[in-house]
Amino acid sequence: MTSDGGRDRPGRYSADGARDGAGRYSPDGGQDEAARYSADELTELATATLGALGTPVAIAAQVARSLVLSNLVGHDSHGGIRLVQYSEFIAGGQIRPSAAAEVTSMRGAAGVVDGGWGFGKPAAQLETGLATRAAHDHAVAAVTVRDCNHVGRLGEYVAALADAGLMGMAFCNSGAVVAPFGGTGRALGTNPFAWAAPGALFGPLVVDFSTAGVAEGKLRVAAAEGRDVPDGLIVDARGRPSVRPEDFFAGGALLPFGGHKGSGMSVIIELLGGLLTGMGTACTPGYAGGNGTVLLAVDLAAFTDPHAYIDSATEFCARLVAVGAGPSGGIVLLPGELESRTHQRRLREGIPVGRGVLGLIYELTDRLGLPRLPAPAGSPVG
Ligand SMILES: NC(=O)c1ccc[n+]([C@@H]2O[C@H](COP(=O)([O-])OP(=O)(O)OC[C@H]3O[C@@H](n4cnc5c(N)ncnc54)[C@H](O)[C@@H]3O)[C@@H](O)[C@H]2O)c1
């Protein structure tokens with residue numbers, strides 16, 4: 001057992017290291033760490049920043065908590081670094097900071113939330129609450145969100161469904177930055193897919209990933225920290241393979257994960273997230289940006305005995321991890337386990353923030369006249 005409360009250290013992936021022993025990319029970490037901060041410190045900074053950008057305090061706190069939760073679970077691509085992008089969206093009119101999301105229709109277990117072109121996170125949280133209540137009442141529920149900006153990490157919402165005894169599935173489309181399989185130009189969004197179910201000892205099992213090789217935000221973190229990315233993730237504006245995130249931001253494209261498989265999933269997510277919500281598909285005129293989001297929830301109790309389900313799921317998970325180390329010396333991690341371990345560790349040890357990312361955030365907060373975070377004792381920077 002380790003101090004993570006888990007089994008042996010994962011040999012193939014580390015949320016705090018740039019590359020693991022097997023050479024896989026771990027884009028959330030390995031930064032030139034400026035300091036570690038507590039979740040409370042980062043939440044306070046994010047709330048103040050959003051407030052200074054004209055966001056009412058309740059919405060600012062809601063968005064800030066969700067950003068910092070992403071940092072806590074190891075997805076720094078969806079954490080504090082997004083303050084910079086959100087400030088640009090507010091300046092450009094793509095986010096109306098004081099808009100409140102509202103439920104515009106509820107027919108049986110089918111609901112529609114309108115985000116009013118405000119922040120996406122409060123809209124998706126409203127959607128999650130609605131889907132939870134509707135699934136408990138009707139066994140199965142589907143809720144969409146339209147006209148909202150970035151909802152962030154889909155795992156947050158499906159994990160909340162699983163915590164309520166439901167199975168959850170979420171999709172959203174997003175701006176065109178991914179080349180469809182066989183092509184090299186930008187046409188699809190990074191279109192994430194998330195799926196969660198109760199049943200692991202550490203919490204819900206959560207599968208949550210972009211249908212591109214990585215989330216675009218991981219390129220933002222890599223660029224801020226001056227790092228290259230692994231082969232096979234991006235092409236430059238002329239369609240040539242690249243490892244430099246700058247080539248992506250200069251008009252290149254991300255590639256789908258798994259070739260035709262990720263590409264195919266992404267196409268369907270354009271239809272679900274884009275057309276079911278009415279926000280449109282990423283590469284079609286009229287699409288105004290943002291995340292058209294679809295959430296599906298299934299009440300276990302309507303189909304099976306929830307206690308028997310949990311017993312069987314627990315046994316299944318135990319058998320999976322008992323497969324044990326292969327020649328690589330790695331271990332089997334269940335979906336969501338890495339995030340759960342990282343969450344526990346970062347609550348205990350603080351959230352590492354890279355110099356590059358902190359520099360970008362301070363460019364913004366200095367402009368807004370906000371105080372910087374105090375340098376923690378023993379921090380490598382003053
Ligand atoms: N809102 C948007 O527009 C948008 C777009 C794209 C992605 N995203 C979000 O970005 C986040 C990151 O996406 P990503 O594609 O970079 O994710 P990723 O490649 O980091 O994959 C994460 C998933 O893989 C699992 N995982 C990781 N290592 C594992 C291992 N060794 N063994 C077993 N499972 C393992 C994790 O538990 C998690 O379910 C997601 O939360 C996604 O929802 C959002």
# chains A, B, ... in the order shown; residues from 1 in each chain; ligands from 1

$ select_by_dssp --residues "stretch 227-261 of chain A" --states "strand (DSSP E or B)" --output "list of chain:residue names"
A:Ile234, A:Val235, A:Pro241, A:Ser242, A:Ala253, A:Leu254, A:Pro256

$ residues_near_ligand --ligand "ligand 1" --cutoff "8 Å" --atoms "only C-alpha atoms and all ligand atoms" --output "ChimeraX atom specification"
/A:10,12-13,26-27,70,75,77-78,150-156,172-175,189-194,205-218,290-291,332-339

$ closest_atom_pairs --of "stretch 289-356 of chain A" --to "stretch 127-131 of chain A" --cutoff "10 Å" --atoms "only C-alpha atoms" --output "CSV"
residue,atom,partner,partner_atom,distance
A:Thr293,CA,A:Glu127,CA,9.1
A:Val294,CA,A:Glu127,CA,8.8
A:Leu295,CA,A:Ala131,CA,7.3
A:Leu296,CA,A:Ala131,CA,7.2
A:Ala297,CA,A:Ala131,CA,6.2
A:Val298,CA,A:Ala131,CA,9.2

$ residues_around --residues "A:Arg244" --least-positions-apart "5" --cutoff "12 Å" --atoms "only C-alpha atoms" --output "PDB file with C-alpha atoms, in the first residue's frame"
ATOM      1  CA  LEU A 219      -1.540  21.786 -25.199  1.00  0.00           C
ATOM      2  CA  ARG A 220      -2.125  25.122 -23.429  1.00  0.00           C
ATOM      3  CA  ALA A 222       2.494  22.354 -22.370  1.00  0.00           C
ATOM      4  CA  ALA A 223       2.893  25.651 -24.289  1.00  0.00           C
ATOM      5  CA  ALA A 224       2.859  27.689 -21.057  1.00  0.00           C
ATOM      6  CA  GLU A 225       5.536  25.435 -19.569  1.00  0.00           C
ATOM      7  CA  GLY A 226       7.641  25.380 -22.771  1.00  0.00           C
ATOM      8  CA  ARG A 227       7.254  21.633 -23.311  1.00  0.00           C
ATOM      9  CA  ASP A 228       6.828  19.561 -26.455  1.00  0.00           C
ATOM     10  CA  VAL A 229       4.048  16.968 -26.688  1.00  0.00           C
ATOM     11  CA  PRO A 230       4.434  13.326 -27.742  1.00  0.00           C
ATOM     12  CA  ASP A 231       4.274  12.169 -31.351  1.00  0.00           C
ATOM     13  CA  GLY A 232       0.915  11.474 -32.885  1.00  0.00           C
ATOM     14  CA  LEU A 233      -1.178  14.162 -31.173  1.00  0.00           C
ATOM     15  CA  ILE A 234      -0.984  17.140 -33.538  1.00  0.00           C
ATOM     16  CA  VAL A 235      -0.216  18.256 -37.074  1.00  0.00           C
ATOM     17  CA  ASP A 236       0.893  21.747 -38.126  1.00  0.00           C
ATOM     18  CA  ALA A 237      -1.063  24.084 -40.414  1.00  0.00           C
ATOM     19  CA  PHE A 249      -1.967  27.239 -32.007  1.00  0.00           C
ATOM     20  CA  ALA A 250      -0.611  28.605 -35.309  1.00  0.00           C
ATOM     21  CA  GLY A 252      -2.523  23.172 -36.912  1.00  0.00           C
ATOM     22  CA  ALA A 253      -4.939  20.513 -35.692  1.00  0.00           C
ATOM     23  CA  LEU A 254      -5.277  17.855 -33.044  1.00  0.00           C
TER      24      LEU A 254
END

$ residues_around --residues "A:Leu275" --least-positions-apart "2" --cutoff "12 Å" --atoms "only C-alpha atoms" --output "list of chain:residue names"
A:Thr144, A:Val145, A:Arg146, A:Cys172, A:Asn173, A:Val267, A:Ile268, A:Ile269, A:Glu270, A:Leu271, A:Leu272, A:Gly273, A:Thr277, A:Gly278, A:Met279, A:Gly280, A:Thr281, A:Ala282, A:Thr284, A:Gly286, A:Tyr287, A:Asn291, A:Gly292, A:Thr293, A:Val294

$ write_last_selection --atoms "C-alpha atoms" --output "short mmCIF file (atom, residue, chain, number, x, y, z; two decimals), in the first residue's frame"
data_model
loop_
_atom_site.label_atom_id
_atom_site.label_comp_id
_atom_site.auth_asym_id
_atom_site.auth_seq_id
_atom_site.Cartn_x
_atom_site.Cartn_y
_atom_site.Cartn_z
CA THR A 144 -29.35 18.97 -22.63
CA VAL A 145 -27.69 22.34 -22.18
CA ARG A 146 -27.56 24.93 -24.92
CA CYS A 172 -20.37 17.75 -25.53
CA ASN A 173 -19.19 19.29 -28.77
CA VAL A 267 -18.75 12.69 -35.36
CA ILE A 268 -21.65 11.25 -33.35
CA ILE A 269 -20.92 13.65 -30.46
CA GLU A 270 -21.19 16.57 -32.92
CA LEU A 271 -24.71 15.35 -33.69
CA LEU A 272 -25.64 14.73 -30.05
CA GLY A 273 -23.98 17.78 -28.52
CA THR A 277 -29.03 20.95 -28.23
CA GLY A 278 -29.52 23.24 -31.21
CA MET A 279 -26.05 24.78 -30.89
CA GLY A 280 -24.88 23.47 -34.23
CA THR A 281 -21.91 21.40 -35.37
CA ALA A 282 -18.41 22.81 -34.98
CA THR A 284 -20.84 24.55 -39.86
CA GLY A 286 -23.86 29.43 -37.43
CA TYR A 287 -22.01 27.53 -34.72
CA ASN A 291 -20.31 23.29 -25.42
CA GLY A 292 -23.62 21.76 -26.50
CA THR A 293 -23.93 19.23 -23.69
CA VAL A 294 -26.00 16.08 -23.27
#

$ closest_residue --among "A:Ile310, A:Ala99, A:Leu72, A:Met106" --to "A:Ala58" --atoms "only C-alpha atoms"
A:Ala99

$ select_by_dssp --residues "stretch 176-343 of chain A" --states "alpha helix (DSSP H)" --output "number ranges by chain"
A: 216-224, 245-249, 260-269, 306-321, 337-343

$ write_last_selection --atoms "N, CA and C atoms" --output "short mmCIF file (atom, residue, chain, number, x, y, z; two decimals), in the first residue's frame"
data_model
loop_
_atom_site.label_atom_id
_atom_site.label_comp_id
_atom_site.auth_asym_id
_atom_site.auth_seq_id
_atom_site.Cartn_x
_atom_site.Cartn_y
_atom_site.Cartn_z
N GLU A 216 -7.50 19.88 -25.62
CA GLU A 216 -6.75 21.06 -26.10
C GLU A 216 -6.04 21.77 -24.94
N GLY A 217 -6.68 21.77 -23.78
CA GLY A 217 -6.09 22.45 -22.61
C GLY A 217 -4.73 21.90 -22.25
N LYS A 218 -4.48 20.63 -22.56
CA LYS A 218 -3.17 20.07 -22.24
C LYS A 218 -2.09 20.66 -23.14
N LEU A 219 -2.48 21.08 -24.33
CA LEU A 219 -1.54 21.79 -25.20
C LEU A 219 -1.27 23.19 -24.63
N ARG A 220 -2.31 23.79 -24.05
CA ARG A 220 -2.13 25.12 -23.43
C ARG A 220 -1.12 25.04 -22.28
N VAL A 221 -1.28 23.99 -21.44
CA VAL A 221 -0.37 23.84 -20.30
C VAL A 221 1.04 23.58 -20.83
N ALA A 222 1.17 22.68 -21.82
CA ALA A 222 2.49 22.35 -22.37
C ALA A 222 3.14 23.61 -22.96
N ALA A 223 2.35 24.42 -23.69
CA ALA A 223 2.89 25.65 -24.29
C ALA A 223 3.34 26.62 -23.20
N ALA A 224 2.51 26.76 -22.14
CA ALA A 224 2.86 27.69 -21.06
C ALA A 224 4.14 27.26 -20.37
N PRO A 245 3.47 22.42 -29.42
CA PRO A 245 2.11 22.96 -29.25
C PRO A 245 1.92 24.26 -30.02
N GLU A 246 3.01 25.04 -30.21
CA GLU A 246 2.90 26.31 -30.95
C GLU A 246 2.38 26.06 -32.36
N ASP A 247 2.75 24.92 -32.96
CA ASP A 247 2.29 24.62 -34.32
C ASP A 247 0.78 24.41 -34.35
N PHE A 248 0.26 23.84 -33.27
CA PHE A 248 -1.20 23.69 -33.17
C PHE A 248 -1.85 25.07 -33.09
N PHE A 249 -1.33 25.93 -32.20
CA PHE A 249 -1.97 27.24 -32.01
C PHE A 249 -1.78 28.15 -33.22
N HIS A 260 -9.69 5.91 -36.65
CA HIS A 260 -11.09 6.01 -37.09
C HIS A 260 -12.07 5.84 -35.93
N LYS A 261 -11.63 5.22 -34.83
CA LYS A 261 -12.57 4.98 -33.71
C LYS A 261 -12.91 6.28 -32.98
N GLY A 262 -11.85 7.02 -32.58
CA GLY A 262 -12.10 8.30 -31.92
C GLY A 262 -12.80 9.27 -32.86
N SER A 263 -12.41 9.22 -34.12
CA SER A 263 -13.00 10.12 -35.11
C SER A 263 -14.50 9.83 -35.24
N GLY A 264 -14.85 8.56 -35.30
CA GLY A 264 -16.26 8.17 -35.42
C GLY A 264 -17.06 8.60 -34.20
N MET A 265 -16.50 8.40 -33.02
CA MET A 265 -17.20 8.84 -31.80
C MET A 265 -17.42 10.35 -31.82
N SER A 266 -16.40 11.05 -32.29
CA SER A 266 -16.48 12.51 -32.31
C SER A 266 -17.58 13.00 -33.26
N VAL A 267 -17.71 12.32 -34.39
CA VAL A 267 -18.75 12.69 -35.36
C VAL A 267 -20.13 12.57 -34.70
N ILE A 268 -20.35 11.45 -34.00
CA ILE A 268 -21.65 11.25 -33.35
C ILE A 268 -21.87 12.29 -32.24
N ILE A 269 -20.78 12.65 -31.53
CA ILE A 269 -20.92 13.65 -30.46
C ILE A 269 -21.25 15.03 -31.04
N PRO A 306 -29.74 -2.69 -6.11
CA PRO A 306 -28.51 -1.89 -6.02
C PRO A 306 -27.46 -2.52 -5.11
N HIS A 307 -27.89 -3.22 -4.05
CA HIS A 307 -26.90 -3.82 -3.14
C HIS A 307 -26.18 -4.97 -3.84
N ALA A 308 -26.96 -5.78 -4.57
CA ALA A 308 -26.34 -6.90 -5.30
C ALA A 308 -25.41 -6.35 -6.39
N TYR A 309 -25.85 -5.25 -7.01
CA TYR A 309 -25.00 -4.62 -8.05
C TYR A 309 -23.66 -4.20 -7.45
N ILE A 310 -23.70 -3.51 -6.30
CA ILE A 310 -22.46 -3.02 -5.69
C ILE A 310 -21.55 -4.20 -5.33
N ASP A 311 -22.14 -5.28 -4.77
CA ASP A 311 -21.31 -6.46 -4.42
C ASP A 311 -20.63 -7.01 -5.68
N SER A 312 -21.41 -7.15 -6.76
CA SER A 312 -20.85 -7.72 -7.99
C SER A 312 -19.80 -6.79 -8.60
N ALA A 313 -20.09 -5.47 -8.59
CA ALA A 313 -19.14 -4.51 -9.17
C ALA A 313 -17.83 -4.54 -8.37
N THR A 314 -17.95 -4.62 -7.06
CA THR A 314 -16.75 -4.64 -6.21
C THR A 314 -15.91 -5.88 -6.51
N GLU A 315 -16.59 -7.02 -6.66
CA GLU A 315 -15.85 -8.25 -6.95
C GLU A 315 -15.18 -8.15 -8.33
N PHE A 316 -15.93 -7.61 -9.29
CA PHE A 316 -15.39 -7.45 -10.65
C PHE A 316 -14.12 -6.59 -10.63
N CYS A 317 -14.20 -5.44 -9.91
CA CYS A 317 -13.04 -4.54 -9.85
C CYS A 317 -11.86 -5.24 -9.19
N ALA A 318 -12.13 -6.00 -8.13
CA ALA A 318 -11.04 -6.69 -7.42
C ALA A 318 -10.36 -7.69 -8.36
N ARG A 319 -11.16 -8.37 -9.19
CA ARG A 319 -10.58 -9.34 -10.13
C ARG A 319 -9.74 -8.63 -11.19
N LEU A 320 -10.21 -7.47 -11.63
CA LEU A 320 -9.45 -6.72 -12.65
C LEU A 320 -8.08 -6.33 -12.12
N VAL A 321 -8.04 -5.75 -10.92
CA VAL A 321 -6.75 -5.26 -10.43
C VAL A 321 -5.85 -6.42 -10.01
N GLU A 337 -9.51 6.04 -11.03
CA GLU A 337 -8.67 5.79 -9.85
C GLU A 337 -7.50 6.78 -9.78
N LEU A 338 -6.92 7.08 -10.94
CA LEU A 338 -5.81 8.04 -10.95
C LEU A 338 -6.27 9.38 -10.39
N GLU A 339 -7.46 9.82 -10.82
CA GLU A 339 -7.99 11.09 -10.36
C GLU A 339 -8.26 11.05 -8.86
N SER A 340 -8.79 9.90 -8.39
CA SER A 340 -9.10 9.77 -6.97
C SER A 340 -7.81 9.83 -6.13
N ARG A 341 -6.77 9.14 -6.59
CA ARG A 341 -5.49 9.17 -5.86
C ARG A 341 -4.90 10.57 -5.85
N THR A 342 -4.96 11.21 -7.04
CA THR A 342 -4.37 12.55 -7.16
C THR A 342 -5.13 13.53 -6.26
N HIS A 343 -6.45 13.37 -6.20
CA HIS A 343 -7.28 14.23 -5.37
C HIS A 343 -6.84 14.14 -3.90
#

$ residues_around --residues "A:Glu88" --least-positions-apart "4" --cutoff "12 Å" --atoms "only C-alpha atoms" --output "PyMOL selection string"
chain A and resi 50+53+82-84+92-97+364

$ write_last_selection --atoms "N, CA and C atoms" --output "tab-separated table (two decimals), in the first residue's frame"
chain	number	residue	atom	x	y	z
A	50	LEU	N	-12.52	36.19	-11.07
A	50	LEU	CA	-13.79	36.19	-11.82
A	50	LEU	C	-14.66	37.35	-11.36
A	53	LEU	N	-13.70	40.46	-12.93
A	53	LEU	CA	-14.08	40.47	-14.35
A	53	LEU	C	-15.59	40.69	-14.52
A	82	ARG	N	-7.54	28.19	-16.96
A	82	ARG	CA	-8.69	28.62	-17.77
A	82	ARG	C	-9.15	30.04	-17.44
A	83	LEU	N	-8.69	30.60	-16.30
A	83	LEU	CA	-9.07	31.99	-15.98
A	83	LEU	C	-8.66	32.92	-17.11
A	84	VAL	N	-7.51	32.62	-17.71
A	84	VAL	CA	-6.98	33.48	-18.77
A	84	VAL	C	-7.92	33.43	-19.97
A	92	GLY	N	-14.50	39.34	-25.15
A	92	GLY	CA	-15.01	39.18	-26.51
A	92	GLY	C	-16.52	38.96	-26.59
A	93	GLY	N	-17.19	38.96	-25.44
A	93	GLY	CA	-18.65	38.80	-25.42
A	93	GLY	C	-19.12	37.36	-25.55
A	94	GLN	N	-18.19	36.38	-25.53
A	94	GLN	CA	-18.63	34.98	-25.63
A	94	GLN	C	-19.13	34.44	-24.28
A	95	ILE	N	-18.71	35.09	-23.19
A	95	ILE	CA	-19.28	34.77	-21.87
A	95	ILE	C	-19.92	36.03	-21.33
A	96	ARG	N	-21.20	35.90	-20.95
A	96	ARG	CA	-21.87	36.99	-20.22
A	96	ARG	C	-21.77	36.62	-18.75
A	97	PRO	N	-20.89	37.28	-18.00
A	97	PRO	CA	-20.54	36.76	-16.68
A	97	PRO	C	-21.70	36.70	-15.69
A	364	LEU	N	-2.78	38.29	-15.70
A	364	LEU	CA	-4.19	38.69	-15.63
A	364	LEU	C	-4.49	39.37	-14.29
